[in-house]
>>> print(open('input15.cif').read())   # mmCIF, C-alpha atoms and all ligand atoms
data_target
loop_
_atom_site.label_atom_id
_atom_site.label_comp_id
_atom_site.auth_asym_id
_atom_site.auth_seq_id
_atom_site.Cartn_x
_atom_site.Cartn_y
_atom_site.Cartn_z
CA MET A 1 22.42 140.54 178.33
CA SER A 2 22.74 143.42 175.86
CA LYS A 3 26.05 145.24 175.45
CA GLN A 4 24.57 148.34 177.09
CA GLU A 5 23.68 146.39 180.28
CA THR A 6 27.14 144.82 180.46
CA ASP A 7 28.74 148.27 180.21
CA ARG A 8 26.94 149.41 183.38
CA ALA A 9 29.55 147.45 185.35
CA ARG A 10 32.43 149.32 183.78
CA PRO A 11 34.14 151.80 186.12
CA MET A 12 34.01 155.37 184.81
CA ASP A 13 37.71 156.04 185.23
CA ARG A 14 40.00 158.59 183.56
CA GLN A 15 37.49 161.37 184.13
CA GLN A 16 38.63 164.96 183.82
CA GLY A 17 37.19 168.24 184.99
CA HIS A 18 37.97 171.70 186.25
CA GLU A 19 39.04 172.71 189.75
CA PHE A 20 36.00 174.05 191.57
CA GLN A 21 38.11 176.10 194.01
CA ALA A 22 41.51 177.43 193.06
CA PHE A 23 44.40 177.53 195.51
CA GLY A 24 44.35 180.93 197.19
CA GLN A 25 40.63 181.40 196.59
CA MET A 26 38.37 181.61 199.65
CA THR A 27 34.84 180.32 199.97
CA HIS A 28 32.41 181.53 202.60
CA ARG A 29 31.75 179.32 205.60
CA PRO A 30 28.90 180.06 208.02
CA ILE A 31 31.14 180.26 211.10
CA ALA A 32 30.48 183.87 212.14
CA LEU A 33 34.02 184.94 211.26
CA ALA A 34 34.95 187.87 209.00
CA GLU A 35 36.24 186.67 205.62
CA SER A 36 39.29 188.92 205.94
CA ALA A 37 40.17 187.17 209.21
CA ALA A 38 39.66 183.73 207.66
CA LYS A 39 41.80 184.70 204.66
CA GLN A 40 44.67 185.90 206.84
CA SER A 41 44.55 182.69 208.89
CA VAL A 42 44.45 180.48 205.78
CA GLU A 43 47.55 182.16 204.35
CA ASN A 44 49.43 181.86 207.64
CA LEU A 45 48.29 178.29 208.24
CA ASN A 46 49.49 177.23 204.78
CA GLN A 47 52.97 178.48 205.70
CA VAL A 48 52.99 176.61 209.00
CA LEU A 49 51.53 173.57 207.18
CA ALA A 50 54.40 173.53 204.66
CA ASP A 51 56.95 173.84 207.45
CA THR A 52 55.25 171.18 209.59
CA MET A 53 55.14 168.75 206.65
CA THR A 54 58.84 169.38 206.06
CA LEU A 55 59.69 168.89 209.73
CA ARG A 56 57.60 165.70 209.78
CA ASP A 57 59.47 164.32 206.79
CA LEU A 58 62.82 165.35 208.27
CA TYR A 59 61.97 163.18 211.29
CA LYS A 60 61.27 160.18 209.06
CA LYS A 61 64.52 160.70 207.14
CA HIS A 62 66.43 160.75 210.44
CA HIS A 63 64.43 157.76 211.77
CA TRP A 64 65.65 155.73 208.80
CA GLN A 65 69.18 157.07 208.49
CA THR A 66 70.44 157.45 212.07
CA ALA A 67 73.45 155.46 213.31
CA GLY A 68 75.65 154.81 216.33
CA ALA A 69 75.31 153.69 219.95
CA SER A 70 72.05 155.61 220.35
CA PHE A 71 70.55 154.07 217.20
CA HIS A 72 67.62 152.29 218.84
CA GLN A 73 66.67 155.17 221.11
CA LEU A 74 66.87 157.83 218.39
CA HIS A 75 65.19 155.56 215.85
CA LEU A 76 62.17 155.29 218.18
CA LEU A 77 62.21 158.93 219.33
CA PHE A 78 62.34 160.28 215.77
CA ASP A 79 59.40 158.09 214.79
CA ALA A 80 57.33 159.15 217.82
CA HIS A 81 57.90 162.81 216.90
CA TYR A 82 57.09 162.02 213.25
CA GLU A 83 53.71 160.63 214.31
CA ALA A 84 52.94 163.71 216.43
CA GLN A 85 53.93 166.04 213.57
CA ASN A 86 51.77 164.01 211.21
CA GLU A 87 48.76 164.62 213.47
CA LEU A 88 49.56 168.35 213.46
CA VAL A 89 49.70 168.32 209.65
CA ASP A 90 46.18 166.87 209.53
CA ALA A 91 44.82 169.33 212.10
CA ILE A 92 46.34 172.34 210.29
CA ALA A 93 45.19 171.24 206.83
CA GLU A 94 41.67 170.54 208.05
CA ARG A 95 41.52 173.94 209.78
CA ILE A 96 42.44 175.61 206.45
CA GLN A 97 39.55 173.79 204.78
CA MET A 98 37.08 174.58 207.55
CA LEU A 99 37.97 178.27 207.27
CA GLY A 100 37.04 178.15 203.58
CA GLY A 101 40.53 178.03 202.12
CA VAL A 102 42.50 175.46 200.15
CA CYS A 103 45.36 173.64 201.86
CA LEU A 104 48.71 172.79 200.34
CA ALA A 105 49.12 169.03 200.00
CA MET A 106 51.76 167.81 197.57
CA ALA A 107 55.52 167.58 198.10
CA PRO A 108 56.60 169.88 195.21
CA ASP A 109 54.25 172.62 196.44
CA VAL A 110 55.47 172.14 200.00
CA ALA A 111 59.11 172.32 198.86
CA GLU A 112 58.42 175.65 197.13
CA THR A 113 56.85 177.10 200.25
CA THR A 114 58.79 175.86 203.27
CA LEU A 115 61.31 178.04 205.09
CA ILE A 116 63.19 175.02 206.46
CA PRO A 117 66.51 174.50 204.60
CA ARG A 118 66.69 171.40 202.40
CA PRO A 119 68.91 168.71 203.99
CA PRO A 120 71.40 166.65 201.96
CA LYS A 121 70.15 163.32 200.61
CA GLY A 122 72.91 161.43 202.43
CA ARG A 123 73.32 160.39 206.07
CA GLU A 124 74.46 162.77 208.79
CA GLU A 125 75.79 162.11 212.30
CA PRO A 126 73.24 162.13 215.16
CA PRO A 127 74.37 165.50 216.63
CA VAL A 128 73.96 167.05 213.16
CA GLN A 129 70.56 165.40 212.72
CA ILE A 130 69.45 166.78 216.08
CA SER A 131 70.80 170.28 215.32
CA ARG A 132 68.95 170.29 212.01
CA LEU A 133 65.70 169.27 213.72
CA LEU A 134 66.15 171.90 216.47
CA HIS A 135 66.60 174.60 213.84
CA ALA A 136 63.43 173.46 212.06
CA HIS A 137 61.50 173.52 215.35
CA GLU A 138 62.64 177.11 215.96
CA ILE A 139 61.43 178.19 212.52
CA VAL A 140 57.99 176.70 213.24
CA LEU A 141 57.86 178.08 216.78
CA LYS A 142 58.78 181.60 215.74
CA GLU A 143 56.16 181.81 213.00
CA ALA A 144 53.46 179.97 214.96
CA ARG A 145 53.72 182.35 217.92
CA SER A 146 53.42 185.49 215.78
CA MET A 147 50.62 183.93 213.67
CA ALA A 148 48.76 183.01 216.87
CA ARG A 149 48.88 186.65 217.99
CA LEU A 150 47.62 187.83 214.59
CA ALA A 151 44.75 185.31 214.70
CA ALA A 152 43.71 186.49 218.17
CA GLU A 153 43.81 190.13 217.03
CA VAL A 154 41.26 189.46 214.25
CA GLY A 155 39.02 187.27 216.44
CA ASP A 156 39.99 183.88 215.00
CA ASP A 157 40.20 182.14 218.38
CA GLY A 158 40.08 178.64 216.86
CA THR A 159 43.24 179.23 214.86
CA ASN A 160 44.88 180.91 217.84
CA ASP A 161 44.06 177.86 219.99
CA LEU A 162 45.34 175.37 217.39
CA LEU A 163 48.59 177.30 217.02
CA VAL A 164 49.17 177.80 220.75
CA SER A 165 47.84 174.56 222.25
CA ASP A 166 48.99 172.15 219.57
CA VAL A 167 51.69 173.66 217.36
CA VAL A 168 53.62 175.81 219.86
CA ARG A 169 53.31 173.54 222.88
CA GLY A 170 53.93 170.37 220.85
CA ASN A 171 57.02 171.79 219.18
CA GLU A 172 58.39 173.15 222.46
CA LYS A 173 58.11 169.71 224.02
CA GLN A 174 59.79 167.97 221.11
CA ALA A 175 62.59 170.56 221.12
CA TRP A 176 63.13 169.82 224.83
CA PHE A 177 63.38 166.05 224.20
CA LEU A 178 65.83 166.63 221.35
CA SER A 179 67.99 169.26 223.01
CA GLU A 180 68.64 167.06 226.07
CA HIS A 181 70.34 164.62 223.69
CA VAL A 182 73.06 167.11 222.84
CA VAL A 183 73.91 168.01 226.45
CA ASP A 184 77.44 166.75 227.05
CA VAL A 185 77.05 164.75 230.30
CA PRO A 186 79.15 161.66 231.09
CA LEU A 187 77.59 158.32 230.18
CA VAL A 188 79.57 156.06 232.54
CA LYS A 189 81.98 157.97 234.81
CA ALA A 190 80.97 161.15 236.64
CA ASP A 191 83.14 164.25 236.29
FE FE B 201 60.01 152.73 210.76
#
>>> encode(input="input15.cif", output="structure tokens", more="lines below")
Ligand SMILES: [Fe+2]
Amino acid sequence: MSKQETDRARPMDRQQGHEFQAFGQMTHRPIALAESAAKQSVENLNQVLADTMTLRDLYKKHHWQTAGASFHQLHLLFDAHYEAQNELVDAIAERIQMLGGVCLAMAPDVAETTLIPRPPKGREEPPVQISRLLHAHEIVLKEARSMARLAAEVGDDGTNDLLVSDVVRGNEKQAWFLSEHVVDVPLVKAD
């Protein structure tokens, strides 16, 4: 076998090239939607994507770091909410791409964009963990509701539906599950 034939098996790794679509640049998709509407939705969805990724990761941090008598319950609850947020992340990012935009993806870019305050690296008590998560949910809910209205105004019903049916309703439900954990009812003896 000649050297040239042997080299055909060699993986062509370490390739380099140029980006073919810059972040912030729109491409046209044949989806019968005005490009100005798609652009507005892409910008808004990237904000809610950064905040949803941050909220998702906050759940995993708390899943790992929680403590106390409610350890097992919170450990499982935080992970269930993490999984649901992770599905939202995928749905939001894919909607940005299908609208012709470019989604945020990497942690440093997300950290630059999110409106959710950065938590400390160390462990916090469960009521503090829950308060931090509730605050993050409110940030997402507030922006998602106003972005949903803006999407409906410009005729982007798909984005409106994603924001209302999945982001708003999902976050409202998770906020309910969390907030019931910080209601001060007796555990053993009734008042
Ligand atoms: Fe785990």
>>> atom_distance(input="input15.cif", atom1="atom CA of A:His72", atom2="atom CA of A:Val167")
26.7 Å
>>> closest_atom_pairs(input="input15.cif", of="chain A", to="ligand FE 201 (chain B)", cutoff="10 Å", atoms="all atoms listed in the file", output="Markdown table")
| residue | atom | partner | partner_atom | distance |
| --- | --- | --- | --- | --- |
| A:Lys60 | CA | B:FE201 | FE | 7.7 |
| A:Lys61 | CA | B:FE201 | FE | 9.8 |
| A:His63 | CA | B:FE201 | FE | 6.8 |
| A:Trp64 | CA | B:FE201 | FE | 6.7 |
| A:His75 | CA | B:FE201 | FE | 7.8 |
| A:Leu76 | CA | B:FE201 | FE | 8.1 |
| A:Phe78 | CA | B:FE201 | FE | 9.4 |
| A:Asp79 | CA | B:FE201 | FE | 6.7 |
| A:Ala80 | CA | B:FE201 | FE | 9.9 |
>>> residues_around(input="input15.cif", residues="A:Leu58", least_positions_apart="5", cutoff="10 Å", atoms="only C-alpha atoms", output="ChimeraX atom specification")
/A:52-53,63,78,82,116,118-119,129,132-133,136
>>> closest_residue(input="input15.cif", among="A:Ala175, A:Leu45, A:Ala144, A:Ala50", to="A:Pro108", atoms="all atoms listed in the file")
A:Ala50
>>> residues_around(input="input15.cif", residues="A:Phe23", least_positions_apart="2", cutoff="10 Å", atoms="only C-alpha atoms", output="count of residues only")
9
>>> residues_around(input="input15.cif", residues="stretch 179-189 of chain A", least_positions_apart="2", cutoff="8 Å", atoms="all atoms listed in the file", output="list in words")
Pro127, Ile130, Leu134, Ala175, Trp176, Phe177 and Asp191 of chain A
>>> closest_residue(input="input15.cif", among="A:Asn46, A:Ser146, A:Ser131, A:Ser41", to="A:Ala105", atoms="all atoms listed in the file")
A:Asn46
>>> atom_distance(input="input15.cif", atom1="atom CA of A:Leu178", atom2="atom CA of A:His135")
11.0 Å
>>> closest_residue(input="input15.cif", among="A:Glu35, A:Glu172, A:Asp51, A:Glu83", to="A:Gly155", atoms="only C-alpha atoms")
A:Glu35
>>> residues_around(input="input15.cif", residues="A:Gly68", least_positions_apart="2", cutoff="12 Å", atoms="all atoms listed in the file", output="PyMOL selection string")
chain A and resi 65-66+70-75+123-127
>>> closest_atom_pairs(input="input15.cif", of="stretch 30-105 of chain A", to="stretch 158-165 of chain A", cutoff="10 Å", atoms="all atoms listed in the file", output="tab-separated table")
residue	atom	partner	partner_atom	distance
A:Ala38	CA	A:Thr159	CA	9.2
A:Ser41	CA	A:Thr159	CA	7.0
A:Val42	CA	A:Thr159	CA	9.2
A:Asn44	CA	A:Thr159	CA	9.9
A:Leu45	CA	A:Thr159	CA	8.4
A:Val48	CA	A:Leu163	CA	9.2
A:Leu88	CA	A:Leu162	CA	9.1
A:Ala91	CA	A:Leu162	CA	8.0
A:Ile92	CA	A:Leu162	CA	7.8
A:Arg95	CA	A:Thr159	CA	7.5
A:Ile96	CA	A:Thr159	CA	9.2
A:Leu99	CA	A:Thr159	CA	9.3
>>> atom_distance(input="input15.cif", atom1="atom CA of A:Ala69", atom2="atom CA of A:Gln174")
21.1 Å
>>> closest_residue(input="input15.cif", among="A:Ala111, A:Met98, A:Pro117, A:Leu141", to="A:His28", atoms="only C-alpha atoms")
A:Met98
>>> residues_around(input="input15.cif", residues="A:Thr113", least_positions_apart="3", cutoff="7 Å", atoms="only C-alpha atoms", output="short mmCIF file (atom, residue, chain, number, x, y, z; two decimals) with C-alpha atoms, in the frame of the given file")
data_model
loop_
_atom_site.label_atom_id
_atom_site.label_comp_id
_atom_site.auth_asym_id
_atom_site.auth_seq_id
_atom_site.Cartn_x
_atom_site.Cartn_y
_atom_site.Cartn_z
CA GLN A 47 52.97 178.48 205.70
CA ALA A 50 54.40 173.53 204.66
CA ASP A 109 54.25 172.62 196.44
CA VAL A 110 55.47 172.14 200.00
#
>>> closest_residue(input="input15.cif", among="A:Asp57, A:Asp7, A:Asp166, A:Glu94", to="A:Ala107", atoms="all atoms listed in the file")
A:Asp57
>>> closest_residue(input="input15.cif", among="A:Gln40, A:Gln97, A:Thr54, A:Asn171", to="A:Val154", atoms="only C-alpha atoms")
A:Gln40
>>> build_atoms(input="input15.cif", residues="stretch 152-163 of chain A", atoms="all heavy atoms", output="PDB file, in the frame of the given file")
ATOM      1  N   ALA A 152      44.484 185.983 217.024  1.00  0.00           N
ATOM      2  CA  ALA A 152      43.710 186.490 218.170  1.00  0.00           C
ATOM      3  C   ALA A 152      43.264 187.923 217.918  1.00  0.00           C
ATOM      4  O   ALA A 152      42.137 188.295 218.244  1.00  0.00           O
ATOM      5  CB  ALA A 152      44.566 186.405 219.441  1.00  0.00           C
ATOM      6  N   GLU A 153      44.136 188.724 217.306  1.00  0.00           N
ATOM      7  CA  GLU A 153      43.810 190.130 217.030  1.00  0.00           C
ATOM      8  C   GLU A 153      42.579 190.274 216.132  1.00  0.00           C
ATOM      9  O   GLU A 153      41.816 191.221 216.291  1.00  0.00           O
ATOM     10  CB  GLU A 153      44.989 190.824 216.319  1.00  0.00           C
ATOM     11  CG  GLU A 153      46.041 191.365 217.274  1.00  0.00           C
ATOM     12  CD  GLU A 153      47.297 191.816 216.526  1.00  0.00           C
ATOM     13  OE1 GLU A 153      47.218 192.125 215.323  1.00  0.00           O
ATOM     14  OE2 GLU A 153      48.373 191.828 217.171  1.00  0.00           O
ATOM     15  N   VAL A 154      42.405 189.350 215.167  1.00  0.00           N
ATOM     16  CA  VAL A 154      41.260 189.460 214.250  1.00  0.00           C
ATOM     17  C   VAL A 154      40.069 188.602 214.692  1.00  0.00           C
ATOM     18  O   VAL A 154      39.103 188.459 213.954  1.00  0.00           O
ATOM     19  CB  VAL A 154      41.659 189.124 212.783  1.00  0.00           C
ATOM     20  CG1 VAL A 154      42.651 190.142 212.247  1.00  0.00           C
ATOM     21  CG2 VAL A 154      42.201 187.701 212.663  1.00  0.00           C
ATOM     22  N   GLY A 155      40.151 188.019 215.886  1.00  0.00           N
ATOM     23  CA  GLY A 155      39.020 187.270 216.440  1.00  0.00           C
ATOM     24  C   GLY A 155      38.945 185.814 216.026  1.00  0.00           C
ATOM     25  O   GLY A 155      37.941 185.157 216.290  1.00  0.00           O
ATOM     26  N   ASP A 156      39.999 185.295 215.389  1.00  0.00           N
ATOM     27  CA  ASP A 156      39.990 183.880 215.000  1.00  0.00           C
ATOM     28  C   ASP A 156      40.583 183.044 216.151  1.00  0.00           C
ATOM     29  O   ASP A 156      41.724 182.589 216.103  1.00  0.00           O
ATOM     30  CB  ASP A 156      40.783 183.683 213.695  1.00  0.00           C
ATOM     31  CG  ASP A 156      40.686 182.250 213.185  1.00  0.00           C
ATOM     32  OD1 ASP A 156      40.050 181.408 213.860  1.00  0.00           O
ATOM     33  OD2 ASP A 156      41.260 181.968 212.113  1.00  0.00           O
ATOM     34  N   ASP A 157      39.741 182.832 217.170  1.00  0.00           N
ATOM     35  CA  ASP A 157      40.200 182.140 218.380  1.00  0.00           C
ATOM     36  C   ASP A 157      40.528 180.667 218.115  1.00  0.00           C
ATOM     37  O   ASP A 157      41.406 180.099 218.761  1.00  0.00           O
ATOM     38  CB  ASP A 157      39.143 182.242 219.479  1.00  0.00           C
ATOM     39  CG  ASP A 157      38.893 183.699 219.887  1.00  0.00           C
ATOM     40  OD1 ASP A 157      39.854 184.487 219.867  1.00  0.00           O
ATOM     41  OD2 ASP A 157      37.739 184.033 220.199  1.00  0.00           O
ATOM     42  N   GLY A 158      39.816 180.050 217.176  1.00  0.00           N
ATOM     43  CA  GLY A 158      40.080 178.640 216.860  1.00  0.00           C
ATOM     44  C   GLY A 158      41.479 178.427 216.315  1.00  0.00           C
ATOM     45  O   GLY A 158      42.182 177.497 216.706  1.00  0.00           O
ATOM     46  N   THR A 159      41.875 179.327 215.408  1.00  0.00           N
ATOM     47  CA  THR A 159      43.240 179.230 214.860  1.00  0.00           C
ATOM     48  C   THR A 159      44.267 179.557 215.933  1.00  0.00           C
ATOM     49  O   THR A 159      45.299 178.890 216.048  1.00  0.00           O
ATOM     50  CB  THR A 159      43.391 180.173 213.646  1.00  0.00           C
ATOM     51  OG1 THR A 159      42.516 179.709 212.601  1.00  0.00           O
ATOM     52  CG2 THR A 159      44.819 180.208 213.125  1.00  0.00           C
ATOM     53  N   ASN A 160      43.970 180.559 216.744  1.00  0.00           N
ATOM     54  CA  ASN A 160      44.880 180.910 217.840  1.00  0.00           C
ATOM     55  C   ASN A 160      45.076 179.695 218.756  1.00  0.00           C
ATOM     56  O   ASN A 160      46.209 179.355 219.116  1.00  0.00           O
ATOM     57  CB  ASN A 160      44.307 182.094 218.632  1.00  0.00           C
ATOM     58  CG  ASN A 160      45.109 182.375 219.896  1.00  0.00           C
ATOM     59  OD1 ASN A 160      44.828 181.810 220.949  1.00  0.00           O
ATOM     60  ND2 ASN A 160      46.121 183.206 219.778  1.00  0.00           N
ATOM     61  N   ASP A 161      43.979 179.017 219.078  1.00  0.00           N
ATOM     62  CA  ASP A 161      44.060 177.860 219.990  1.00  0.00           C
ATOM     63  C   ASP A 161      44.850 176.714 219.364  1.00  0.00           C
ATOM     64  O   ASP A 161      45.696 176.102 220.025  1.00  0.00           O
ATOM     65  CB  ASP A 161      42.639 177.395 220.346  1.00  0.00           C
ATOM     66  CG  ASP A 161      42.667 176.206 221.287  1.00  0.00           C
ATOM     67  OD1 ASP A 161      43.363 176.277 222.316  1.00  0.00           O
ATOM     68  OD2 ASP A 161      42.005 175.195 220.988  1.00  0.00           O
ATOM     69  N   LEU A 162      44.600 176.439 218.077  1.00  0.00           N
ATOM     70  CA  LEU A 162      45.340 175.370 217.390  1.00  0.00           C
ATOM     71  C   LEU A 162      46.840 175.671 217.402  1.00  0.00           C
ATOM     72  O   LEU A 162      47.667 174.800 217.687  1.00  0.00           O
ATOM     73  CB  LEU A 162      44.841 175.226 215.946  1.00  0.00           C
ATOM     74  CG  LEU A 162      45.628 174.273 215.041  1.00  0.00           C
ATOM     75  CD1 LEU A 162      45.448 172.820 215.479  1.00  0.00           C
ATOM     76  CD2 LEU A 162      45.210 174.419 213.582  1.00  0.00           C
ATOM     77  N   LEU A 163      47.171 176.931 217.098  1.00  0.00           N
ATOM     78  CA  LEU A 163      48.590 177.300 217.020  1.00  0.00           C
ATOM     79  C   LEU A 163      49.255 177.253 218.395  1.00  0.00           C
ATOM     80  O   LEU A 163      50.378 176.760 218.528  1.00  0.00           O
ATOM     81  CB  LEU A 163      48.738 178.689 216.390  1.00  0.00           C
ATOM     82  CG  LEU A 163      48.447 178.753 214.881  1.00  0.00           C
ATOM     83  CD1 LEU A 163      48.352 180.189 214.399  1.00  0.00           C
ATOM     84  CD2 LEU A 163      49.523 177.997 214.095  1.00  0.00           C
TER      85      LEU A 163
END
